[in-house]
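Worksheet for the structure shown next.
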Amino acid sequence: MIMRLWPQFSITRTRLTPRQDTDSLTHESQDAPLTTKGSSLIRVGLLLGLTGMPMLAPTLTMAATSSTLSSNPAIISPAAGPASAQAAPVLTPQIEQSLKTKLKQVGIKPAIISIKPSKLPSMFEVQLEGQAPLYITADGRYALQGELYDNPSPRFSLPPVESTKQTQSGMPVSGALRTSMLKNMSLQKVPDKQMPLYHSSVPGLIWGNMPEEGPFLTDTSASVITNGEIFVIDGNKILPFDERFEQQKNQYIFSQLDDSQLITYPASGTERALIYVATDVNCPYCRRFHAQIPALNAKGVTVKVIGMPIYEESPEIMRQVWCERQPKARQLALDAAMRGEKVVNKCARNAQIDPLKANKALAEGLPVLVTPMVVRSDGSTFYGSFEDAEFLDFLGLK
């Protein structure tokens with residue numbers, strides 16, 4: 001079931017899932033987020049004119065909105081202030097020409113039809129021939145591609161002013177800003193009021209993740225949403241995602257995790273690398289990764305496991321594993337579950353006891369779109385196969 005953040009906006013993606021009869025992977029259509037590192041690479045490929053790539057067109061479901069909302073005196077009119085706390089940039093002829101030159105230098109193939117101010121804070125809208133709009137900062141450093149969708153909810157709240165420290169890239173939004181944004185999302189189905197919301201590298205642009213639906217970008221007033229993902233233009237190169245933001249966000253998440261609720265497999269001898277792994281006991285590739293942990297420990301790698309049940313049958317099994325109070329007993333219980341063995345019931349039938357819950361909620365901010373998900377302690381995520389030699393390179397091992 002798609003839990004729509006915006007009533008008229010929904011997307012589906014193809015998720016990698018294990019076949020029932022083999023450990024290999026197959027594609028299966030799911031109601032889940034389109035925005036992944038793979039989709040970001042495809043978007044960049046299309047901009048550069050590479051062929052053989054599928055268009056990323058979101059599936060839209062239009063919903064009627066009430067015309068009586070404007071009669072509510074509590075609603076803030078557009079004249080009351082800007083859509084976000086960040087002032088809209090002014091498009092000068094110099095900026096326009098600079099952006100056209102930069103886009104041409106990095107190899108953007110579609111013809112530029114126009115450049116104009118946009119609804120996204122700190123960004124201009126670039127209309128491209130035959131493609132979704134491109135949004136780009138005045139310095140040409142950050143960009144994203146995708147359609148914007150208006151929030152039909154009444155606007156009850158203006159975003160609070162936050163300190164520079166609070167709005168740094170990768171930092172979570174303040175409680176006051178979260179409250180303000182949620183007030184402006186009254187018509188949206190927001191099942192989790194604590195969904196991850198972080199400041200992006202673009203001032204005024206907020207990155208969020210809706211579990212079961214996926215990452216999105218919005219402004220501090222939550223007036224528009226897009227499924228686009230920020231990429232970086234560095235000189236004459238396009239980097240398919242903002243690694244600095246991801247690292248800072250992930251490092252913050254790691255600092256908030258309850259270490260006592262992680263299952264830790266320490267390095268043998270001197271620690272040479274530390275990784276966090278989001279895992280599911282019923283995921284075949286998670287089991288294959290888990291079997292390699294002793295070898296990683298022997299190479300000096302400490303592995304900290306975050307319980308992230310994805311499969312329908314996994315939450316109760318993993319809850320029982322994490323109910324083991326002693327670290328060694330919990331580790332042995334996870335080892336047994338990864339071998340497919342039955343786990344001894346330690347939580348009785350009290351579903352209110354869930355040691356996984358707090359860390360799982362924080363890990364939604366990584367976000368965990370596939371398992372196993374491997375993230376280095378510096379916040380860098382590994383997107384390849386852990387069975388390839390490049391994984392050891394990622395860990396800094398020869």
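By order of appearance in the structure tokens: chains A, B, ..., then residues from 1 within every chain, and ligands from 1 in the order shown.
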
Give me, as a tab-separated table, each residue of range 231-335 of chain A that comes within 9 Å of range 358-362 of chain A, together with its shortest interatomic pair and the distance in Å at one decimal, counting only C-alpha atoms, with rows ordered by chain and rising residue number.
```
residue	atom	partner	partner_atom	distance
A:Ile253	CA	A:Leu362	CA	6.3
A:Phe254	CA	A:Leu362	CA	8.6
A:Gln256	CA	A:Leu362	CA	7.7
A:Leu257	CA	A:Asn359	CA	5.6
A:Asp258	CA	A:Asn359	CA	6.5
A:Asp259	CA	A:Asn359	CA	8.9
A:Gln261	CA	A:Asn359	CA	7.4
A:Leu262	CA	A:Asn359	CA	8.2
A:Ala278	CA	A:Lys360	CA	8.9
A:Ile306	CA	A:Asn359	CA	7.1
A:Gly307	CA	A:Lys360	CA	6.7
A:Met308	CA	A:Lys360	CA	6.1
A:Pro309	CA	A:Lys360	CA	8.7
```

Would you pick out the contacts of range 242-252 of chain A at 12 Å or less, using only C-alpha atoms, so that residues sharing its chain but fewer than 5 positions from it are not included, and give the list as an NGL selection string?
:A and (37 or 40 or 141-144 or 167-173 or 196-202 or 206-208 or 229-234 or 257 or 275-276 or 362-368 or 374-382)

What is the CA of Asn236 in chain A-CA of Glu129 in chain A distance in Å, reported with one decimal?
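That distance, rounded to one decimal, is 21.6 Å.
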
Using only C-alpha atoms, determine which residues lie at most 12 Å from Gly384 in chain A, disregarding the query and same-chain residues fewer than 5 positions distant; provide the list as a ChimeraX atom specification.
/A:37-38,370,372-375,389-394

Export C-alpha atoms of the chosen residues as a compact mmCIF listing (two decimals), in the first residue's frame?
```
# COMPACT_ATOMS: atom_id res chain seq x y z
CA LYS A 37 21.36 5.99 -5.95
CA GLY A 38 20.56 3.91 -9.04
CA VAL A 370 18.11 -2.46 0.60
CA PRO A 372 22.30 -5.55 3.93
CA MET A 373 23.19 -1.88 3.94
CA VAL A 374 26.82 -1.23 4.83
CA VAL A 375 27.94 2.21 6.03
CA ALA A 389 37.39 -6.83 -4.15
CA GLU A 390 36.20 -3.22 -4.17
CA PHE A 391 34.56 -3.84 -0.78
CA LEU A 392 37.98 -4.27 0.82
CA ASP A 393 39.09 -1.07 -0.89
CA PHE A 394 36.05 0.67 0.61
```

Using only C-alpha atoms, which protein or nucleic acid residues come within 9 Å of range 96-106 of chain A? Drop anything in the same chain fewer than 5 positions from it, and give the result as a ChimeraX atom specification.
/A:48,91,112,115-116,136-140,233-238

May I have the residues from that selection written out with N, CA and C atoms, as a PDB file, in the first residue's frame?
```
ATOM      1  N   LEU A  48      23.165  13.735 -19.583  1.00  0.00           N
ATOM      2  CA  LEU A  48      24.376  13.718 -20.399  1.00  0.00           C
ATOM      3  C   LEU A  48      24.154  13.099 -21.763  1.00  0.00           C
ATOM      4  N   LEU A  91      17.417  36.268 -10.246  1.00  0.00           N
ATOM      5  CA  LEU A  91      18.077  35.834 -11.474  1.00  0.00           C
ATOM      6  C   LEU A  91      18.554  37.046 -12.264  1.00  0.00           C
ATOM      7  N   ILE A 112      18.455  23.965 -23.502  1.00  0.00           N
ATOM      8  CA  ILE A 112      17.897  24.772 -22.419  1.00  0.00           C
ATOM      9  C   ILE A 112      16.870  25.721 -23.011  1.00  0.00           C
ATOM     10  N   ILE A 115      15.444  29.680 -18.122  1.00  0.00           N
ATOM     11  CA  ILE A 115      15.859  29.636 -16.715  1.00  0.00           C
ATOM     12  C   ILE A 115      15.057  30.702 -15.987  1.00  0.00           C
ATOM     13  N   LYS A 116      14.446  30.332 -14.871  1.00  0.00           N
ATOM     14  CA  LYS A 116      13.590  31.269 -14.141  1.00  0.00           C
ATOM     15  C   LYS A 116      13.599  30.917 -12.651  1.00  0.00           C
ATOM     16  N   ILE A 136      18.630  24.261  -9.939  1.00  0.00           N
ATOM     17  CA  ILE A 136      20.058  24.458  -9.719  1.00  0.00           C
ATOM     18  C   ILE A 136      20.299  25.712  -8.880  1.00  0.00           C
ATOM     19  N   THR A 137      21.315  25.668  -8.019  1.00  0.00           N
ATOM     20  CA  THR A 137      21.652  26.832  -7.202  1.00  0.00           C
ATOM     21  C   THR A 137      22.373  27.876  -8.050  1.00  0.00           C
ATOM     22  N   ALA A 138      22.407  29.098  -7.569  1.00  0.00           N
ATOM     23  CA  ALA A 138      22.979  30.208  -8.339  1.00  0.00           C
ATOM     24  C   ALA A 138      24.441  29.991  -8.677  1.00  0.00           C
ATOM     25  N   ASP A 139      25.175  29.300  -7.785  1.00  0.00           N
ATOM     26  CA  ASP A 139      26.588  29.046  -8.060  1.00  0.00           C
ATOM     27  C   ASP A 139      26.809  27.821  -8.937  1.00  0.00           C
ATOM     28  N   GLY A 140      25.721  27.145  -9.310  1.00  0.00           N
ATOM     29  CA  GLY A 140      25.829  25.976 -10.179  1.00  0.00           C
ATOM     30  C   GLY A 140      26.410  24.754  -9.499  1.00  0.00           C
ATOM     31  N   ILE A 233      27.645  19.366  -8.977  1.00  0.00           N
ATOM     32  CA  ILE A 233      28.452  19.718 -10.147  1.00  0.00           C
ATOM     33  C   ILE A 233      29.787  20.248  -9.629  1.00  0.00           C
ATOM     34  N   ASP A 234      30.825  19.478  -9.848  1.00  0.00           N
ATOM     35  CA  ASP A 234      32.158  19.792  -9.332  1.00  0.00           C
ATOM     36  C   ASP A 234      33.087  20.033 -10.513  1.00  0.00           C
ATOM     37  N   GLY A 235      33.301  21.313 -10.832  1.00  0.00           N
ATOM     38  CA  GLY A 235      34.122  21.649 -11.999  1.00  0.00           C
ATOM     39  C   GLY A 235      33.427  21.180 -13.262  1.00  0.00           C
ATOM     40  N   ASN A 236      34.082  20.293 -13.994  1.00  0.00           N
ATOM     41  CA  ASN A 236      33.498  19.745 -15.222  1.00  0.00           C
ATOM     42  C   ASN A 236      32.906  18.354 -15.019  1.00  0.00           C
ATOM     43  N   LYS A 237      32.712  17.971 -13.753  1.00  0.00           N
ATOM     44  CA  LYS A 237      32.176  16.637 -13.464  1.00  0.00           C
ATOM     45  C   LYS A 237      30.829  16.747 -12.772  1.00  0.00           C
ATOM     46  N   ILE A 238      29.995  15.722 -12.995  1.00  0.00           N
ATOM     47  CA  ILE A 238      28.744  15.590 -12.253  1.00  0.00           C
ATOM     48  C   ILE A 238      28.880  14.408 -11.306  1.00  0.00           C
TER      49      ILE A 238
END
```

Can you check which residues of range 91-194 of chain A DSSP gives as helix (DSSP H, G or I) on the backbone and send them as an mmCIF file with N, CA, C and O atoms, in the first residue's frame?
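Written output follows (selection09.cif):
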```cif
data_model
loop_
_atom_site.group_PDB
_atom_site.id
_atom_site.type_symbol
_atom_site.label_atom_id
_atom_site.label_comp_id
_atom_site.auth_asym_id
_atom_site.auth_seq_id
_atom_site.Cartn_x
_atom_site.Cartn_y
_atom_site.Cartn_z
ATOM 1 N N PRO A 93 21.109 38.639 -15.407
ATOM 2 C CA PRO A 93 21.641 38.150 -16.688
ATOM 3 C C PRO A 93 22.984 37.440 -16.516
ATOM 4 O O PRO A 93 23.265 36.459 -17.211
ATOM 5 N N GLN A 94 23.799 37.921 -15.562
ATOM 6 C CA GLN A 94 25.098 37.299 -15.334
ATOM 7 C C GLN A 94 24.949 35.873 -14.792
ATOM 8 O O GLN A 94 25.653 34.950 -15.228
ATOM 9 N N ILE A 95 24.034 35.694 -13.825
ATOM 10 C CA ILE A 95 23.800 34.358 -13.261
ATOM 11 C C ILE A 95 23.231 33.427 -14.327
ATOM 12 O O ILE A 95 23.650 32.270 -14.449
ATOM 13 N N GLU A 96 22.290 33.944 -15.122
ATOM 14 C CA GLU A 96 21.681 33.121 -16.171
ATOM 15 C C GLU A 96 22.731 32.621 -17.164
ATOM 16 O O GLU A 96 22.776 31.442 -17.509
ATOM 17 N N GLN A 97 23.612 33.524 -17.598
ATOM 18 C CA GLN A 97 24.636 33.134 -18.560
ATOM 19 C C GLN A 97 25.639 32.182 -17.926
ATOM 20 O O GLN A 97 26.089 31.211 -18.557
ATOM 21 N N SER A 98 25.970 32.417 -16.648
ATOM 22 C CA SER A 98 26.908 31.546 -15.952
ATOM 23 C C SER A 98 26.360 30.130 -15.833
ATOM 24 O O SER A 98 27.092 29.148 -16.037
ATOM 25 N N LEU A 99 25.074 30.000 -15.532
ATOM 26 C CA LEU A 99 24.467 28.678 -15.406
ATOM 27 C C LEU A 99 24.424 27.961 -16.757
ATOM 28 O O LEU A 99 24.701 26.756 -16.843
ATOM 29 N N LYS A 100 24.097 28.690 -17.805
ATOM 30 C CA LYS A 100 24.070 28.081 -19.148
ATOM 31 C C LYS A 100 25.465 27.576 -19.527
ATOM 32 O O LYS A 100 25.612 26.471 -20.068
ATOM 33 N N THR A 101 26.471 28.383 -19.218
ATOM 34 C CA THR A 101 27.847 27.990 -19.538
ATOM 35 C C THR A 101 28.261 26.751 -18.751
ATOM 36 O O THR A 101 28.848 25.813 -19.302
ATOM 37 N N LYS A 102 27.948 26.741 -17.459
ATOM 38 C CA LYS A 102 28.330 25.610 -16.606
ATOM 39 C C LYS A 102 27.643 24.328 -17.056
ATOM 40 O O LYS A 102 28.271 23.264 -17.145
ATOM 41 N N LEU A 103 26.346 24.405 -17.359
ATOM 42 C CA LEU A 103 25.617 23.208 -17.804
ATOM 43 C C LEU A 103 26.173 22.680 -19.121
ATOM 44 O O LEU A 103 26.243 21.472 -19.335
ATOM 45 N N LYS A 104 26.583 23.578 -19.987
ATOM 46 C CA LYS A 104 27.185 23.152 -21.251
ATOM 47 C C LYS A 104 28.549 22.512 -21.011
ATOM 48 O O LYS A 104 28.893 21.491 -21.624
ATOM 49 N N GLN A 105 29.321 23.071 -20.072
ATOM 50 C CA GLN A 105 30.662 22.548 -19.787
ATOM 51 C C GLN A 105 30.625 21.128 -19.235
ATOM 52 O O GLN A 105 31.517 20.327 -19.513
ATOM 53 N N GLY A 175 13.002 20.871 16.644
ATOM 54 C CA GLY A 175 11.643 20.482 17.020
ATOM 55 C C GLY A 175 10.628 21.510 16.588
ATOM 56 O O GLY A 175 9.522 21.165 16.151
ATOM 57 N N ALA A 176 10.998 22.802 16.669
ATOM 58 C CA ALA A 176 10.078 23.869 16.281
ATOM 59 C C ALA A 176 9.782 23.825 14.787
ATOM 60 O O ALA A 176 8.631 23.996 14.358
ATOM 61 N N LEU A 177 10.818 23.586 13.964
ATOM 62 C CA LEU A 177 10.598 23.515 12.522
ATOM 63 C C LEU A 177 9.793 22.273 12.162
ATOM 64 O O LEU A 177 8.902 22.323 11.308
ATOM 65 N N ARG A 178 10.073 21.146 12.806
ATOM 66 C CA ARG A 178 9.294 19.925 12.549
ATOM 67 C C ARG A 178 7.809 20.174 12.836
ATOM 68 O O ARG A 178 6.941 19.829 12.039
ATOM 69 N N THR A 179 7.536 20.777 13.981
ATOM 70 C CA THR A 179 6.145 21.068 14.356
ATOM 71 C C THR A 179 5.482 21.971 13.336
ATOM 72 O O THR A 179 4.334 21.747 12.932
ATOM 73 N N SER A 180 6.212 22.998 12.891
ATOM 74 C CA SER A 180 5.681 23.931 11.904
ATOM 75 C C SER A 180 5.375 23.223 10.580
ATOM 76 O O SER A 180 4.307 23.432 9.982
ATOM 77 N N MET A 181 6.296 22.392 10.112
ATOM 78 C CA MET A 181 6.095 21.687 8.849
ATOM 79 C C MET A 181 4.912 20.738 8.937
ATOM 80 O O MET A 181 4.096 20.652 8.004
ATOM 81 N N LEU A 182 4.782 20.026 10.056
ATOM 82 C CA LEU A 182 3.670 19.085 10.205
ATOM 83 C C LEU A 182 2.325 19.807 10.253
ATOM 84 O O LEU A 182 1.312 19.274 9.765
ATOM 85 N N LYS A 183 2.287 21.011 10.812
ATOM 86 C CA LYS A 183 1.043 21.787 10.803
ATOM 87 C C LYS A 183 0.604 22.092 9.385
ATOM 88 O O LYS A 183 -0.593 22.183 9.093
#
```

So, counting only C-alpha atoms, which residue among A:Asn209, A:Asn297, A:Gln292, A:Asn184 is closest to Gly269 in chain A?
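Of all the options, A:Asn297 lies closest to Gly269 in chain A.
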
Which of range 164-294 of chain A counts as strand (DSSP E) under DSSP, as an MDAnalysis selection string please?
chainID A and resid 197:199 205:210 214:219 224:226 231:234 237:239 263:265 273:279

As an exercise, work out the distance from CA of Ile108 in chain A to CA of Gln131 in chain A in Å and give it to one decimal place.
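CA of Ile108 in chain A sits 11.6 Å away from CA of Gln131 in chain A.
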
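Between CA of Cys283 in chain A and CA of Thr371 in chain A the interatomic distance comes to 7.1 Å.
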
Can you work out which one of A:Gln127, A:Gln188, A:Ser114, A:Thr220 has the shortest atom-to-atom distance to Val161 in chain A, counting only C-alpha atoms?
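When distances to Val161 in chain A are compared using only C-alpha atoms, the smallest one comes from A:Thr220.
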
Measuring between only C-alpha atoms, which one of A:Leu334, A:Pro117, A:Thr218, A:Leu148 shows the shortest distance to Ile317 in chain A?
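Smallest separation from Ile317 in chain A among the options: A:Leu334.
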
Excluding same-chain residues fewer than 3 positions from Ala336 in chain A, what lies within 12 Å of it counting only C-alpha atoms, as a list in words?
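In the requested format, the answer is Val281, Asn282, Arg287, His290, Ala291, Ile317, Met318, Gln320, Val321, Ala329, Arg330, Gln331, Leu332, Ala333, Arg339, Gly340, Glu341, Lys342, Val343 and Val344 of chain A.
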